[in-house]
Each structure stands twice: as C-alpha cells, then as structure tokens.
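Colleague: The structure is given below, and queries will be raised subsequently.
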Amino acid sequence: MLVATHSGPFHADDVMAWALIRTFYDANAKLIRTRDADKIDAADIVVDVGGIFDRKTLRFDHHQGTYAGDRSSAGMVLDWLEFEGKVSGALAHRLREGAMTYLDDVDTGRVAPKPDVLCFPRIVAALNQPADTAEEFDVAFVGAGALAAAWLNGVVAEQEKVDRAKVGVLAEMQRAEAAGSNLMVFEQYLRWKEPYYANGGAEHITQFALFPGTDDSWRIIAIPPKLGDFGQKRSLPEAWCGLLNEELSEVIGVPGARFCHKNGFIAVFDTREGALTSMSKWNLLTAPAS
C-alpha cells in the first residue's frame with residue numbers, strides 16, 4: 001500500500017495521519033512525499049494534499065474550499081479508521097481527548113499553540129528546522145512519524161490496561177459495597193480510576209484503595225472525589241501526614257510503615273498486612289457515620 005503526502009516542510013497533521021495509517025491499518029505501508037499530481041493520483045491513500053476529501057477513495061485533504069468540517073488530515077484519518085473498525089470507539093475517544101482534537105484545532109487555525117507549552121505541533125515544527133533540502137525534509141518526516149507512532153502505541157497500551165482493569169474494578173466495587181467496606185483491595189496494580197468513576201465511583205461507599213507498588217511495597221490511596229481531582233473523599237489521618245519510617249510506624253502503632261504524604265493522599269507500607277492492620281487500628285475500613 002502506498003501513502004502519499006506533500007513534500008517539503010511538514011506539520012503535525014500529516015505526520016500523525018501517516019502514523020495512524022501505519023499503526024492501525026497497514027504496518028508495511030510505503031510513503032511517498034510529492035507534489036506531482038500523477039504520483040498522488042496513483043497512491044492508494046492520500047493525506048493532506050490533492051484537494052479531495054473522500055473516505056471511499058481514501059483521500060484525506062482538508063484544504064479545499066468545499067470542505068466545511070473541522071478536521072485536519074489526521075482527524076479525517078482517525079474518523080475513517082474508527083468507521084472501518086480499526087480503532088475502537090473508546091480508543092478513538094482517548095486519542096481525540098489526548099491530542100487529536102487539539103491537533104485538528106491547531107492545524108485548522110482555531111487554536112494557536114502556546115509558546116511555553118511543549119505540544120506535538122510545536123515538537124513537529126522544531127523537527128523541521130534542521131532540514132533544508134527535500135531529501136532532508138523526507139528524512140525528518142520519517143523521524144517525526146516514528147515519534148507519533150510511539151505516542152499512539154502508548155495510548156493503545158493505556159486503553160488496553162483500562163479495558164483489562166474494568167472487570168476487576170467493578171468486581172471489587174461490588175464486593176466492597178456488599179461488605180460495607182470503605183476499602184478496595186487490588187492484588188496487582190490496575191488502572192482503576194477511569195472504570196471506577198465511569199461506574200459511579202464518585203458516589204461509591206469506598207474512600208480508600210490498597211494495591212502493590214513496583215518496589216515490593218503496598219500503598220493506601222485516599223480516593224479523590226472525582227477523576228482528576230487533587231482532593232480526597234477522606235484523607236488519611238492527620239497524625240500520619242509527613243512522617244517517615246520508624247517515626248510513622250511508632251505513631252501508627254504498626255511496624256513497616258514507610259511514608260505518608262503531607263497532604264494525606266498516600267501512605268506506603270512494607271506489606272499488605274501492615275497496611276490493612278494500620279487501617280483497622282485507625283478505624284479507616286468503614287466510613288464514619290454521617
């Protein structure tokens with residue numbers, strides 16, 4: 001499969017469109033960067049050049065006056081991939097929310113990148129700078145496409161983790177509610193926050209979550225009132241906050257405490273049992289009576 005885009009300097013949308021095609025449609029797709037109309041017509045997929053937007057013939061250019069939508073070539077390609085079932089609705093939403101809508105807005109002039117914020121359009125603009133010749137721009141474009149593909153692969157992995165976590169999170173929410181417990185316990189770390197809040201977590205009985213860290217520790221997290229909030233439904237005890245190691249263990253009355261953040265949103269323990277015992281000793285396993 002041959003993908004055509006324009007030669008010379010490039011932008012975030014044509015780079016991302018190319019990365020989307022290679023990541024989700026054809027990993028072996030070949031690239032031609034040209035302004036030659038005959039070569040463009042001969043390509044299987046055309047992005048950001050050619051003056052045509054037609055999903056049926058795989059032409060994705062937004063520059064012609066007849067196009068009245070709000071997509072750049074990247075947004076057009078993502079819409080097509082979702083329509084074809086190559087990208088799930090959940091993943092497409094995550095991609096748009098994470099960068100694609102912003103990328104479309106920047107490329108179509110609705111938003112200007114902030115000079116003090118490192119974003120993909122500004123990164124791509126910088127990657128153009130070492131190039132002077134057509135050949136140098138082609139090489140730089142391929143490098144930019146690899147960067148975009150790395151981001152896409154990371155978002156795919158993120159979505160897969162959220163999808164895998166959903167079953168376990170829902171089961172633990174149901175268990176805690178049935179037991180009248182204030183605590184969700186995960187025997188391995190899960191991307192629990194998104195499925196938790198998507199399924200009524202803000203109003204759920206639980207106020208804490210316990211799970212293992214990557215350093216053989218166990219961590220108590222005070223659950224925020226909503227996704228992305230820096231507050232807590234209920235903070236860890238003020239007497240724990242800001243303490244370390246032996247001092248924290250002495251205050252709690254349980255050995256093996258390592259750390260409690262000064263804002264009371266996380267505490268770290270050597271073992272699962274130490275964390276649970278600490279919560280029980282300080283009456284954290286059930287919500288206080290209202």
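Letters A, B, ... go to the chains of the structure tokens in the order shown; residues in each chain start at 1; ligands are counted from 1 in the same order.
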Do you know which residues are at most 10 Å from stretch 87-95 of chain A counting only C-alpha atoms, after dropping those on the same chain fewer than 5 positions away, and could you put them as a PyMOL selection string?
Modeller: chain A and resi 20+24-25+75+78-82+100-101+151-152+155-156+158-160+163
Colleague: Enumerate, as a list in words, the complete set of residues in stretch 193-273 of chain A that a backbone-based DSSP assignment places in strand (DSSP E or B).
Modeller: Phe208, Ala209, Leu210, Phe211, Pro212, Trp218, Arg219, Ile220, Ile221, Ala222, Leu244, Ala257, Arg258, Phe259, Cys260, Ile266, Ala267, Val268 and Phe269 of chain A
Colleague: Any chance you can output those residues with N, CA and C atoms as a CSV table (one decimal), in the first residue's frame?
Modeller:
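Produced file result03.csv, reproduced below:
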```csv
chain,number,residue,atom,x,y,z
A,208,PHE,N,-10.9,4.5,50.1
A,208,PHE,CA,-9.5,4.2,50.0
A,208,PHE,C,-9.4,3.0,49.1
A,209,ALA,N,-8.2,3.0,48.5
A,209,ALA,CA,-7.8,1.8,47.6
A,209,ALA,C,-6.4,1.3,48.1
A,210,LEU,N,-6.2,0.0,48.1
A,210,LEU,CA,-4.9,-0.6,48.5
A,210,LEU,C,-4.4,-1.5,47.4
A,211,PHE,N,-3.2,-1.3,47.0
A,211,PHE,CA,-2.6,-2.1,45.9
A,211,PHE,C,-1.1,-2.1,46.1
A,212,PRO,N,-0.4,-3.1,45.4
A,212,PRO,CA,1.1,-3.2,45.5
A,212,PRO,C,1.7,-2.1,44.6
A,218,TRP,N,3.3,-1.8,49.6
A,218,TRP,CA,1.8,-1.7,49.5
A,218,TRP,C,1.4,-0.3,49.8
A,219,ARG,N,0.5,0.2,49.0
A,219,ARG,CA,0.1,1.6,49.0
A,219,ARG,C,-1.4,1.8,49.3
A,220,ILE,N,-1.6,2.7,50.3
A,220,ILE,CA,-3.0,3.1,50.5
A,220,ILE,C,-3.2,4.4,49.8
A,221,ILE,N,-4.2,4.5,49.0
A,221,ILE,CA,-4.5,5.8,48.3
A,221,ILE,C,-5.9,6.3,48.8
A,222,ALA,N,-5.9,7.6,49.2
A,222,ALA,CA,-7.2,8.2,49.5
A,222,ALA,C,-7.8,8.6,48.2
A,244,LEU,N,7.9,9.6,58.2
A,244,LEU,CA,8.7,8.6,57.5
A,244,LEU,C,9.1,7.4,58.5
A,257,ALA,N,5.8,0.8,58.4
A,257,ALA,CA,5.3,1.9,57.6
A,257,ALA,C,6.5,2.7,57.0
A,258,ARG,N,6.4,3.1,55.8
A,258,ARG,CA,7.5,3.8,55.2
A,258,ARG,C,7.3,5.3,55.0
A,259,PHE,N,6.1,5.7,54.7
A,259,PHE,CA,5.9,7.1,54.3
A,259,PHE,C,4.4,7.5,54.2
A,260,CYS,N,4.1,8.7,54.6
A,260,CYS,CA,2.7,9.2,54.4
A,260,CYS,C,2.9,10.6,53.9
A,266,ILE,N,-1.6,9.5,50.3
A,266,ILE,CA,-1.0,8.2,50.1
A,266,ILE,C,-0.1,7.9,51.3
A,267,ALA,N,-0.2,6.6,51.6
A,267,ALA,CA,0.7,6.0,52.6
A,267,ALA,C,1.3,4.7,52.1
A,268,VAL,N,2.6,4.5,52.4
A,268,VAL,CA,3.3,3.3,51.8
A,268,VAL,C,3.8,2.4,53.0
A,269,PHE,N,3.6,1.1,52.8
A,269,PHE,CA,3.9,0.1,53.8
A,269,PHE,C,4.8,-1.0,53.2
```
Colleague: Please provide as an MDAnalysis selection string all residues within 8 Å of A:Trp18, with the sequence filter that same-chain residues fewer than 2 positions apart are discarded (counting only C-alpha atoms).
Modeller: chainID A and resid 3 14:16 20:22 47 145
Colleague: Next, the residues of the selection above should be written as a compact mmCIF listing (two decimals), in the first residue's frame with N, CA and C atoms.
Modeller:
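The resulting file, again33.txt, is reproduced below:
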```txt
# COMPACT_ATOMS: atom_id res chain seq x y z
N VAL A 3 1.14 5.33 0.45
CA VAL A 3 0.53 6.52 1.04
C VAL A 3 1.27 7.74 0.52
N ASP A 14 -0.17 15.88 8.99
CA ASP A 14 0.27 14.88 8.02
C ASP A 14 1.17 13.83 8.67
N VAL A 15 1.97 14.26 9.65
CA VAL A 15 2.79 13.30 10.39
C VAL A 15 1.90 12.31 11.14
N MET A 16 0.90 12.82 11.85
CA MET A 16 0.04 11.94 12.64
C MET A 16 -0.82 11.06 11.74
N LEU A 20 -0.94 7.10 12.05
CA LEU A 20 -2.20 6.38 12.26
C LEU A 20 -2.36 5.25 11.25
N ILE A 21 -2.05 5.53 10.00
CA ILE A 21 -2.19 4.51 8.96
C ILE A 21 -1.24 3.34 9.21
N ARG A 22 -0.01 3.64 9.55
CA ARG A 22 0.97 2.57 9.80
C ARG A 22 0.64 1.79 11.06
N VAL A 47 -2.99 11.86 1.93
CA VAL A 47 -3.29 12.69 3.11
C VAL A 47 -2.67 14.07 2.96
N GLY A 145 7.32 10.86 12.22
CA GLY A 145 6.30 9.81 12.19
C GLY A 145 6.57 8.72 13.21
```
Colleague: Got a sec to tell me which of stretch 54-240 of chain A DSSP assigns to alpha helix (DSSP H), as a PyMOL selection string?
Modeller: chain A and resi 73-83+89-95+101-107+120-128+134-179+193-198
Colleague: Output the selection as an mmCIF file, in the first residue's frame - C-alpha atoms for each residue.
Modeller:
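again_15.cif, written as the output of this step:
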```cif
data_model
loop_
_atom_site.group_PDB
_atom_site.id
_atom_site.type_symbol
_atom_site.label_atom_id
_atom_site.label_comp_id
_atom_site.auth_asym_id
_atom_site.auth_seq_id
_atom_site.Cartn_x
_atom_site.Cartn_y
_atom_site.Cartn_z
ATOM 1 C CA SER A 73 -5.992 15.275 7.664
ATOM 2 C CA ALA A 74 -5.145 13.461 10.906
ATOM 3 C CA GLY A 75 -8.664 13.846 12.255
ATOM 4 C CA MET A 76 -10.077 12.673 8.927
ATOM 5 C CA VAL A 77 -7.927 9.544 9.018
ATOM 6 C CA LEU A 78 -8.870 8.786 12.617
ATOM 7 C CA ASP A 79 -12.574 9.120 11.767
ATOM 8 C CA TRP A 80 -12.093 6.706 8.871
ATOM 9 C CA LEU A 81 -10.187 4.182 10.988
ATOM 10 C CA GLU A 82 -12.948 4.269 13.592
ATOM 11 C CA PHE A 83 -15.593 3.863 10.872
ATOM 12 C CA GLY A 89 -14.791 3.941 19.865
ATOM 13 C CA ALA A 90 -13.165 4.034 23.299
ATOM 14 C CA LEU A 91 -9.671 4.288 21.849
ATOM 15 C CA ALA A 92 -10.741 6.922 19.320
ATOM 16 C CA HIS A 93 -12.208 8.971 22.163
ATOM 17 C CA ARG A 94 -8.982 8.624 24.156
ATOM 18 C CA LEU A 95 -6.911 9.704 21.154
ATOM 19 C CA THR A 101 -8.826 17.335 18.695
ATOM 20 C CA TYR A 102 -6.201 19.866 19.755
ATOM 21 C CA LEU A 103 -4.049 18.879 16.776
ATOM 22 C CA ASP A 104 -7.019 19.428 14.436
ATOM 23 C CA ASP A 105 -7.758 22.783 16.043
ATOM 24 C CA VAL A 106 -4.162 23.968 15.704
ATOM 25 C CA ASP A 107 -3.770 22.849 12.118
ATOM 26 C CA PHE A 120 3.044 17.845 19.426
ATOM 27 C CA PRO A 121 2.530 20.638 16.840
ATOM 28 C CA ARG A 122 5.443 22.578 18.342
ATOM 29 C CA ILE A 123 7.600 19.450 18.503
ATOM 30 C CA VAL A 124 6.903 18.766 14.826
ATOM 31 C CA ALA A 125 7.682 22.375 13.963
ATOM 32 C CA ALA A 126 11.051 22.012 15.675
ATOM 33 C CA LEU A 127 11.799 18.753 13.870
ATOM 34 C CA ASN A 128 11.552 20.634 10.573
ATOM 35 C CA ALA A 134 13.681 17.989 0.002
ATOM 36 C CA GLU A 135 15.627 14.879 0.958
ATOM 37 C CA GLU A 136 16.357 16.226 4.437
ATOM 38 C CA PHE A 137 12.684 17.051 4.966
ATOM 39 C CA ASP A 138 11.772 13.487 3.939
ATOM 40 C CA VAL A 139 14.181 12.036 6.487
ATOM 41 C CA ALA A 140 12.922 14.390 9.198
ATOM 42 C CA PHE A 141 9.312 13.477 8.378
ATOM 43 C CA VAL A 142 10.031 9.773 8.910
ATOM 44 C CA GLY A 143 11.597 10.563 12.287
ATOM 45 C CA ALA A 144 8.591 12.641 13.285
ATOM 46 C CA GLY A 145 6.301 9.806 12.193
ATOM 47 C CA ALA A 146 8.191 7.379 14.420
ATOM 48 C CA LEU A 147 7.673 9.732 17.370
ATOM 49 C CA ALA A 148 3.949 9.955 16.607
ATOM 50 C CA ALA A 149 3.734 6.156 16.334
ATOM 51 C CA ALA A 150 5.421 5.784 19.726
ATOM 52 C CA TRP A 151 2.763 8.029 21.255
ATOM 53 C CA LEU A 152 -0.016 6.083 19.544
ATOM 54 C CA ASN A 153 1.373 2.792 20.832
ATOM 55 C CA GLY A 154 1.478 4.232 24.325
ATOM 56 C CA VAL A 155 -2.165 5.316 24.129
ATOM 57 C CA VAL A 156 -3.126 1.861 22.825
ATOM 58 C CA ALA A 157 -1.362 0.266 25.800
ATOM 59 C CA GLU A 158 -3.112 2.695 28.147
ATOM 60 C CA GLN A 159 -6.522 1.797 26.714
ATOM 61 C CA GLU A 160 -5.765 -1.925 26.953
ATOM 62 C CA LYS A 161 -4.879 -1.540 30.625
ATOM 63 C CA VAL A 162 -8.091 0.346 31.315
ATOM 64 C CA ASP A 163 -10.103 -2.301 29.470
ATOM 65 C CA ARG A 164 -8.436 -5.109 31.436
ATOM 66 C CA ALA A 165 -8.933 -3.243 34.704
ATOM 67 C CA LYS A 166 -12.658 -2.718 34.230
ATOM 68 C CA VAL A 167 -13.701 -6.254 35.183
ATOM 69 C CA GLY A 168 -11.572 -6.306 38.318
ATOM 70 C CA VAL A 169 -12.588 -2.823 39.412
ATOM 71 C CA LEU A 170 -16.303 -3.495 39.030
ATOM 72 C CA ALA A 171 -15.972 -6.748 40.960
ATOM 73 C CA GLU A 172 -14.110 -5.037 43.792
ATOM 74 C CA MET A 173 -16.621 -2.176 43.923
ATOM 75 C CA GLN A 174 -19.435 -4.723 44.253
ATOM 76 C CA ARG A 175 -17.547 -6.704 46.914
ATOM 77 C CA ALA A 176 -16.812 -3.607 48.990
ATOM 78 C CA GLU A 177 -20.392 -2.394 48.748
ATOM 79 C CA ALA A 178 -21.803 -5.786 49.772
ATOM 80 C CA ALA A 179 -19.402 -5.939 52.718
ATOM 81 C CA LYS A 193 -9.591 5.264 38.342
ATOM 82 C CA GLU A 194 -11.255 5.527 34.934
ATOM 83 C CA PRO A 195 -13.530 2.475 35.296
ATOM 84 C CA TYR A 196 -14.186 3.391 38.924
ATOM 85 C CA TYR A 197 -15.504 6.876 38.151
ATOM 86 C CA ALA A 198 -17.220 5.735 34.956
#
```
Colleague: Of the candidates A:Met279, A:Leu58, A:Ala239, A:Ala287, which one gets nearest to A:Lys262 if we count only C-alpha atoms?
Modeller: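 Of A:Met279, A:Leu58, A:Ala239, A:Ala287, the one nearest A:Lys262, counting only C-alpha atoms, is A:Ala239.
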